[in-house]
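**Student:** Mind having a look at this structure? Questions to follow.
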Amino acid sequence: MAGLIALKEYIALHVLTCLIPAFLLAGAMVTFISREAIIYYLGAAANKVRSFALASGGSFFVAACSCTVIPVSSGLYYAGAGVGAAFIVLWVAPASNILAIVYTGALLGSKMVIVRIITALSMAFVVGFVMSYVFRKEEAGRISLSGLKKEGGGLIGKREVILLLLLVLTLLLPNYLVAKGPYSRKVLVWAIGMAVTFLYAFKAIERERMRRWFEETWWFVRMIFPLLLLGVFIVGIVGQDAPTRNGQGSGPFSSFNWSGNESAQYSRHN
(Lines give C-alpha, C1' and ligand atoms only; values in the text may rest on other atoms or scores of the structure.)
Protein backbone atom coordinates (compact mmCIF):
# COMPACT_ATOMS: atom_id res chain seq x y z
CA MET A 1 0.00 0.00 0.00
CA ALA A 2 2.86 2.38 0.75
CA GLY A 3 4.23 1.81 -2.75
CA LEU A 4 0.82 2.41 -4.36
CA ILE A 5 0.28 5.59 -2.33
CA ALA A 6 3.72 6.83 -3.36
CA LEU A 7 2.87 6.12 -7.00
CA LYS A 8 -0.44 7.97 -6.78
CA GLU A 9 1.05 11.06 -5.21
CA TYR A 10 4.14 11.00 -7.43
CA ILE A 11 1.95 11.00 -10.53
CA ALA A 12 -0.15 13.84 -9.10
CA LEU A 13 2.91 15.93 -8.27
CA HIS A 14 5.29 15.26 -11.14
CA VAL A 15 3.75 14.07 -14.38
CA LEU A 16 2.04 17.27 -15.53
CA THR A 17 4.42 20.05 -14.53
CA CYS A 18 7.68 18.08 -14.61
CA LEU A 19 7.76 14.95 -16.75
CA ILE A 20 5.62 15.98 -19.72
CA PRO A 21 7.70 19.09 -20.59
CA ALA A 22 10.90 17.17 -19.78
CA PHE A 23 10.04 14.34 -22.20
CA LEU A 24 9.01 16.85 -24.88
CA LEU A 25 12.29 18.69 -24.37
CA ALA A 26 14.29 15.46 -24.66
CA GLY A 27 12.54 14.58 -27.92
CA ALA A 28 13.09 18.10 -29.25
CA MET A 29 16.80 17.98 -28.44
CA VAL A 30 17.24 14.81 -30.47
CA THR A 31 15.07 16.09 -33.32
CA PHE A 32 16.09 19.72 -33.73
CA ILE A 33 19.64 20.19 -32.38
CA SER A 34 22.48 19.43 -34.78
CA ARG A 35 23.94 16.07 -33.81
CA GLU A 36 27.30 17.05 -35.32
CA ALA A 37 27.55 20.16 -33.14
CA ILE A 38 26.68 18.25 -29.94
CA ILE A 39 29.27 15.59 -30.79
CA TYR A 40 31.85 18.31 -31.43
CA TYR A 41 31.30 20.16 -28.14
CA LEU A 42 30.04 17.42 -25.78
CA GLY A 43 30.78 14.14 -27.53
CA ALA A 44 32.97 11.32 -26.29
CA ALA A 45 35.95 12.49 -28.37
CA ALA A 46 35.68 16.16 -27.35
CA ASN A 47 38.08 17.76 -24.90
CA LYS A 48 36.92 16.48 -21.50
CA VAL A 49 37.62 19.67 -19.55
CA ARG A 50 35.71 21.80 -22.06
CA SER A 51 32.76 19.43 -22.48
CA PHE A 52 32.45 18.81 -18.72
CA ALA A 53 32.62 22.55 -18.02
CA LEU A 54 29.87 23.23 -20.58
CA ALA A 55 27.67 20.48 -19.15
CA SER A 56 28.24 21.69 -15.57
CA GLY A 57 27.56 25.35 -16.38
CA GLY A 58 24.40 24.59 -18.31
CA SER A 59 23.06 22.38 -15.53
CA PHE A 60 22.81 25.32 -13.13
CA PHE A 61 19.93 26.71 -15.19
CA VAL A 62 17.87 23.51 -15.24
CA ALA A 63 15.69 23.62 -12.11
CA ALA A 64 14.71 19.96 -12.26
CA CYS A 65 14.30 17.25 -9.66
CA SER A 66 16.21 13.99 -9.90
CA CYS A 67 13.45 12.27 -11.90
CA THR A 68 12.66 15.17 -14.24
CA VAL A 69 16.29 15.53 -15.30
CA ILE A 70 16.47 11.91 -16.51
CA PRO A 71 14.70 12.59 -19.85
CA VAL A 72 16.75 15.77 -20.35
CA SER A 73 20.04 13.97 -19.74
CA SER A 74 18.94 11.04 -21.92
CA GLY A 75 17.98 13.41 -24.72
CA LEU A 76 21.43 14.98 -24.58
CA TYR A 77 23.10 11.57 -24.66
CA TYR A 78 21.08 10.24 -27.60
CA ALA A 79 21.64 13.50 -29.44
CA GLY A 80 25.37 12.77 -29.41
CA ALA A 81 26.84 13.86 -26.07
CA GLY A 82 29.33 11.65 -24.29
CA VAL A 83 28.25 9.60 -21.29
CA GLY A 84 30.39 11.76 -18.99
CA ALA A 85 28.72 15.02 -20.03
CA ALA A 86 25.26 13.45 -19.89
CA PHE A 87 25.83 12.15 -16.36
CA ILE A 88 27.13 15.55 -15.27
CA VAL A 89 23.75 17.05 -16.21
CA LEU A 90 22.08 14.18 -14.34
CA TRP A 91 24.20 15.01 -11.28
CA VAL A 92 24.47 18.82 -11.19
CA ALA A 93 20.98 19.88 -12.28
CA PRO A 94 19.13 18.48 -9.23
CA ALA A 95 22.00 19.25 -6.83
CA SER A 96 22.86 22.86 -7.65
CA ASN A 97 20.37 24.48 -10.00
CA ILE A 98 19.43 28.10 -9.36
CA LEU A 99 16.25 27.22 -7.49
CA ALA A 100 18.05 24.76 -5.21
CA ILE A 101 20.74 27.35 -4.49
CA VAL A 102 18.14 29.99 -3.60
CA TYR A 103 16.36 27.58 -1.24
CA THR A 104 19.67 26.59 0.33
CA GLY A 105 20.67 30.22 0.89
CA ALA A 106 17.31 31.11 2.43
CA LEU A 107 17.24 28.12 4.78
CA LEU A 108 20.88 27.38 5.57
CA GLY A 109 22.85 30.52 4.73
CA SER A 110 25.44 31.67 2.20
CA LYS A 111 28.22 29.37 3.44
CA MET A 112 26.16 26.31 2.58
CA VAL A 113 25.44 27.79 -0.87
CA ILE A 114 29.18 28.13 -1.53
CA VAL A 115 29.85 24.61 -0.28
CA ARG A 116 27.00 23.22 -2.38
CA ILE A 117 28.29 24.87 -5.57
CA ILE A 118 31.91 23.83 -4.99
CA THR A 119 31.05 20.23 -4.15
CA ALA A 120 28.60 19.90 -7.05
CA LEU A 121 31.16 21.19 -9.56
CA SER A 122 34.06 19.17 -8.19
CA MET A 123 32.00 15.98 -8.00
CA ALA A 124 30.63 16.68 -11.49
CA PHE A 125 34.10 16.32 -12.96
CA VAL A 126 34.73 13.19 -10.86
CA VAL A 127 31.44 11.68 -12.05
CA GLY A 128 32.20 12.64 -15.65
CA PHE A 129 35.67 11.10 -15.68
CA VAL A 130 34.53 7.96 -13.84
CA MET A 131 31.62 7.33 -16.22
CA SER A 132 33.82 8.02 -19.26
CA TYR A 133 36.36 5.48 -17.97
CA VAL A 134 33.81 2.81 -17.00
CA PHE A 135 32.07 3.03 -20.39
CA ARG A 136 35.24 3.69 -22.41
CA LYS A 137 34.62 0.75 -24.78
CA GLU A 138 31.09 1.93 -25.59
CA GLU A 139 32.36 5.49 -26.00
CA ALA A 140 35.13 4.32 -28.36
CA GLY A 141 32.48 2.70 -30.53
CA ARG A 142 30.45 5.91 -30.61
CA ILE A 143 33.57 7.90 -31.55
CA SER A 144 34.32 5.60 -34.47
CA LEU A 145 30.77 6.02 -35.75
CA SER A 146 30.50 9.77 -35.26
CA GLY A 147 33.93 11.29 -35.63
CA LEU A 148 34.84 14.75 -34.30
CA LYS A 149 34.47 17.08 -37.26
CA LYS A 150 32.02 19.91 -36.90
CA GLU A 151 30.08 20.19 -40.13
CA GLY A 152 29.01 23.46 -41.63
CA GLY A 153 25.74 25.01 -40.56
CA GLY A 154 24.38 26.14 -37.24
CA LEU A 155 23.67 24.29 -34.06
CA ILE A 156 19.92 24.75 -34.47
CA GLY A 157 17.51 26.85 -36.54
CA LYS A 158 15.97 30.05 -35.14
CA ARG A 159 12.43 28.65 -35.09
CA GLU A 160 13.60 25.54 -33.27
CA VAL A 161 15.53 27.67 -30.76
CA ILE A 162 12.33 29.48 -29.85
CA LEU A 163 10.51 26.15 -29.49
CA LEU A 164 13.18 24.76 -27.16
CA LEU A 165 13.14 27.97 -25.10
CA LEU A 166 9.37 27.70 -24.73
CA LEU A 167 9.72 24.08 -23.58
CA VAL A 168 12.40 25.06 -21.07
CA LEU A 169 10.21 27.88 -19.75
CA THR A 170 7.26 25.50 -19.46
CA LEU A 171 9.47 23.17 -17.42
CA LEU A 172 10.98 25.88 -15.19
CA LEU A 173 8.33 28.55 -14.67
CA PRO A 174 5.97 26.50 -12.47
CA ASN A 175 8.83 26.21 -9.98
CA TYR A 176 10.13 29.76 -10.33
CA LEU A 177 6.81 31.62 -10.38
CA VAL A 178 4.97 29.51 -7.81
CA ALA A 179 7.57 28.91 -5.12
CA LYS A 180 4.76 29.01 -2.54
CA GLY A 181 1.08 28.24 -2.69
CA PRO A 182 -1.13 25.37 -3.84
CA TYR A 183 0.05 22.96 -6.50
CA SER A 184 -2.93 23.90 -8.65
CA ARG A 185 -1.21 27.24 -9.38
CA LYS A 186 1.78 25.37 -10.76
CA VAL A 187 -0.60 23.44 -13.00
CA LEU A 188 -2.11 26.71 -14.25
CA VAL A 189 1.33 28.11 -15.14
CA TRP A 190 2.21 24.82 -16.82
CA ALA A 191 -1.04 24.79 -18.84
CA ILE A 192 -0.44 28.32 -20.13
CA GLY A 193 3.12 27.41 -21.09
CA MET A 194 2.03 24.27 -22.92
CA ALA A 195 -0.69 26.12 -24.80
CA VAL A 196 1.74 28.81 -25.97
CA THR A 197 4.35 26.19 -26.90
CA PHE A 198 2.03 24.08 -29.05
CA LEU A 199 0.41 27.08 -30.71
CA TYR A 200 3.86 28.25 -31.74
CA ALA A 201 4.95 24.77 -32.82
CA PHE A 202 1.95 24.25 -35.10
CA LYS A 203 2.54 27.63 -36.73
CA ALA A 204 6.35 27.53 -37.07
CA ILE A 205 7.46 23.89 -37.42
CA GLU A 206 6.92 21.67 -40.45
CA ARG A 207 4.51 18.79 -39.95
CA GLU A 208 7.10 16.12 -40.77
CA ARG A 209 9.50 17.49 -38.17
CA MET A 210 6.64 17.70 -35.69
CA ARG A 211 5.91 14.03 -36.32
CA ARG A 212 9.56 13.11 -35.73
CA TRP A 213 9.57 15.18 -32.53
CA PHE A 214 6.53 13.33 -31.15
CA GLU A 215 8.00 9.96 -32.15
CA GLU A 216 11.26 10.72 -30.34
CA THR A 217 9.32 11.95 -27.30
CA TRP A 218 7.21 8.79 -27.20
CA TRP A 219 10.36 6.67 -27.44
CA PHE A 220 11.75 8.36 -24.30
CA VAL A 221 8.42 7.92 -22.50
CA ARG A 222 8.33 4.20 -23.27
CA MET A 223 11.95 3.73 -22.23
CA ILE A 224 12.11 5.82 -19.03
CA PHE A 225 8.62 6.26 -17.54
CA PRO A 226 8.00 2.60 -16.55
CA LEU A 227 11.37 2.52 -14.76
CA LEU A 228 10.51 5.74 -12.92
CA LEU A 229 7.22 4.29 -11.73
CA LEU A 230 8.94 1.09 -10.58
CA GLY A 231 11.53 3.14 -8.71
CA VAL A 232 8.89 5.26 -6.99
CA PHE A 233 6.97 2.13 -5.97
CA ILE A 234 10.10 0.61 -4.39
CA VAL A 235 11.05 3.89 -2.69
CA GLY A 236 7.53 4.12 -1.26
CA ILE A 237 7.91 0.69 0.34
CA VAL A 238 11.40 1.42 1.64
CA GLY A 239 10.34 4.84 2.94
CA GLN A 240 7.44 3.33 4.82
CA ASP A 241 9.71 0.97 6.74
CA ALA A 242 12.66 3.34 7.19
CA PRO A 243 13.00 4.68 10.75
CA THR A 244 12.43 8.39 11.32
CA ARG A 245 13.15 10.70 14.23
CA ASN A 246 9.98 9.61 16.01
CA GLY A 247 10.85 5.96 15.46
CA GLN A 248 8.08 5.29 12.92
CA GLY A 249 8.27 4.83 9.19
CA SER A 250 6.62 7.23 6.80
CA GLY A 251 6.17 7.26 3.06
CA PRO A 252 8.08 9.84 1.00
CA PHE A 253 4.92 11.55 -0.29
CA SER A 254 2.73 11.30 2.79
CA SER A 255 2.17 15.05 3.27
CA PHE A 256 0.76 15.84 -0.18
CA ASN A 257 -2.18 18.22 -0.24
CA TRP A 258 -3.57 19.37 -3.60
CA SER A 259 -5.12 22.64 -2.45
CA GLY A 260 -3.02 23.54 0.59
CA ASN A 261 0.33 25.28 0.86
CA GLU A 262 2.78 22.50 0.07
CA SER A 263 5.84 24.48 -0.97
CA ALA A 264 8.06 22.91 1.70
CA GLN A 265 7.00 19.40 0.73
CA TYR A 266 7.31 20.10 -2.99
CA SER A 267 10.74 21.71 -2.62
CA ARG A 268 11.93 18.58 -0.81
CA HIS A 269 11.13 16.51 -3.90
CA ASN A 270 12.71 19.03 -6.28
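By order in the C-alpha coordinates, chains are A, B, ...; within a chain, residues start at 1; ligands start at 1, following the order shown.
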Could I get the residues of region 2-104 of chain A with an atom no further than 7 Å from an atom of region 108-131 of chain A, each paired with its nearest atom pair and that distance in Å to one decimal, using only C-alpha atoms, sorted by chain and residue number, as a Markdown table?

**Tutor:**
| residue | atom | partner | partner_atom | distance |
| --- | --- | --- | --- | --- |
| A:Phe52 | CA | A:Phe125 | CA | 6.5 |
| A:Ser56 | CA | A:Leu121 | CA | 6.7 |
| A:Val83 | CA | A:Met131 | CA | 6.5 |
| A:Gly84 | CA | A:Gly128 | CA | 3.9 |
| A:Ala85 | CA | A:Gly128 | CA | 6.1 |
| A:Phe87 | CA | A:Gly128 | CA | 6.4 |
| A:Ile88 | CA | A:Ala124 | CA | 5.3 |
| A:Trp91 | CA | A:Ala124 | CA | 6.6 |
| A:Val92 | CA | A:Ala120 | CA | 6.0 |
| A:Ala95 | CA | A:Ala120 | CA | 6.6 |
| A:Ser96 | CA | A:Ile117 | CA | 6.2 |
| A:Ile101 | CA | A:Val113 | CA | 5.9 |
| A:Thr104 | CA | A:Leu108 | CA | 5.4 |

**Student:** Return the single residue from A:Arg142, A:Ala204, A:Lys48, A:Glu215 that is closest to Gly157 (chain A), with distances computed using only C-alpha atoms.

**Tutor:** A:Ala204

**Student:** Using only C-alpha atoms, find the one residue out of A:Thr31, A:Leu19, A:Ile5, A:Ala195 that sits nearest to Glu208 (chain A).

**Tutor:**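 Nearest to Glu208 (chain A): A:Thr31.
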
**Student:** If DSSP is run on the backbone, what residues of region 7-212 of chain A are helix (DSSP H, G or I)? A reply as a VMD selection string would be ideal.

**Tutor:** chain A and resid 7 to 32 35 to 42 48 to 59 69 to 78 83 to 96 98 to 108 110 to 134 136 to 146 158 to 177 183 to 204 207 to 212

**Student:** Between A:Ile143, A:Leu24, A:Ala106, A:Val134, single out the one closest to Ser74 (chain A), counting only C-alpha atoms.

**Tutor:**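 Using only C-alpha atoms, Ser74 (chain A) sits closest to A:Leu24.
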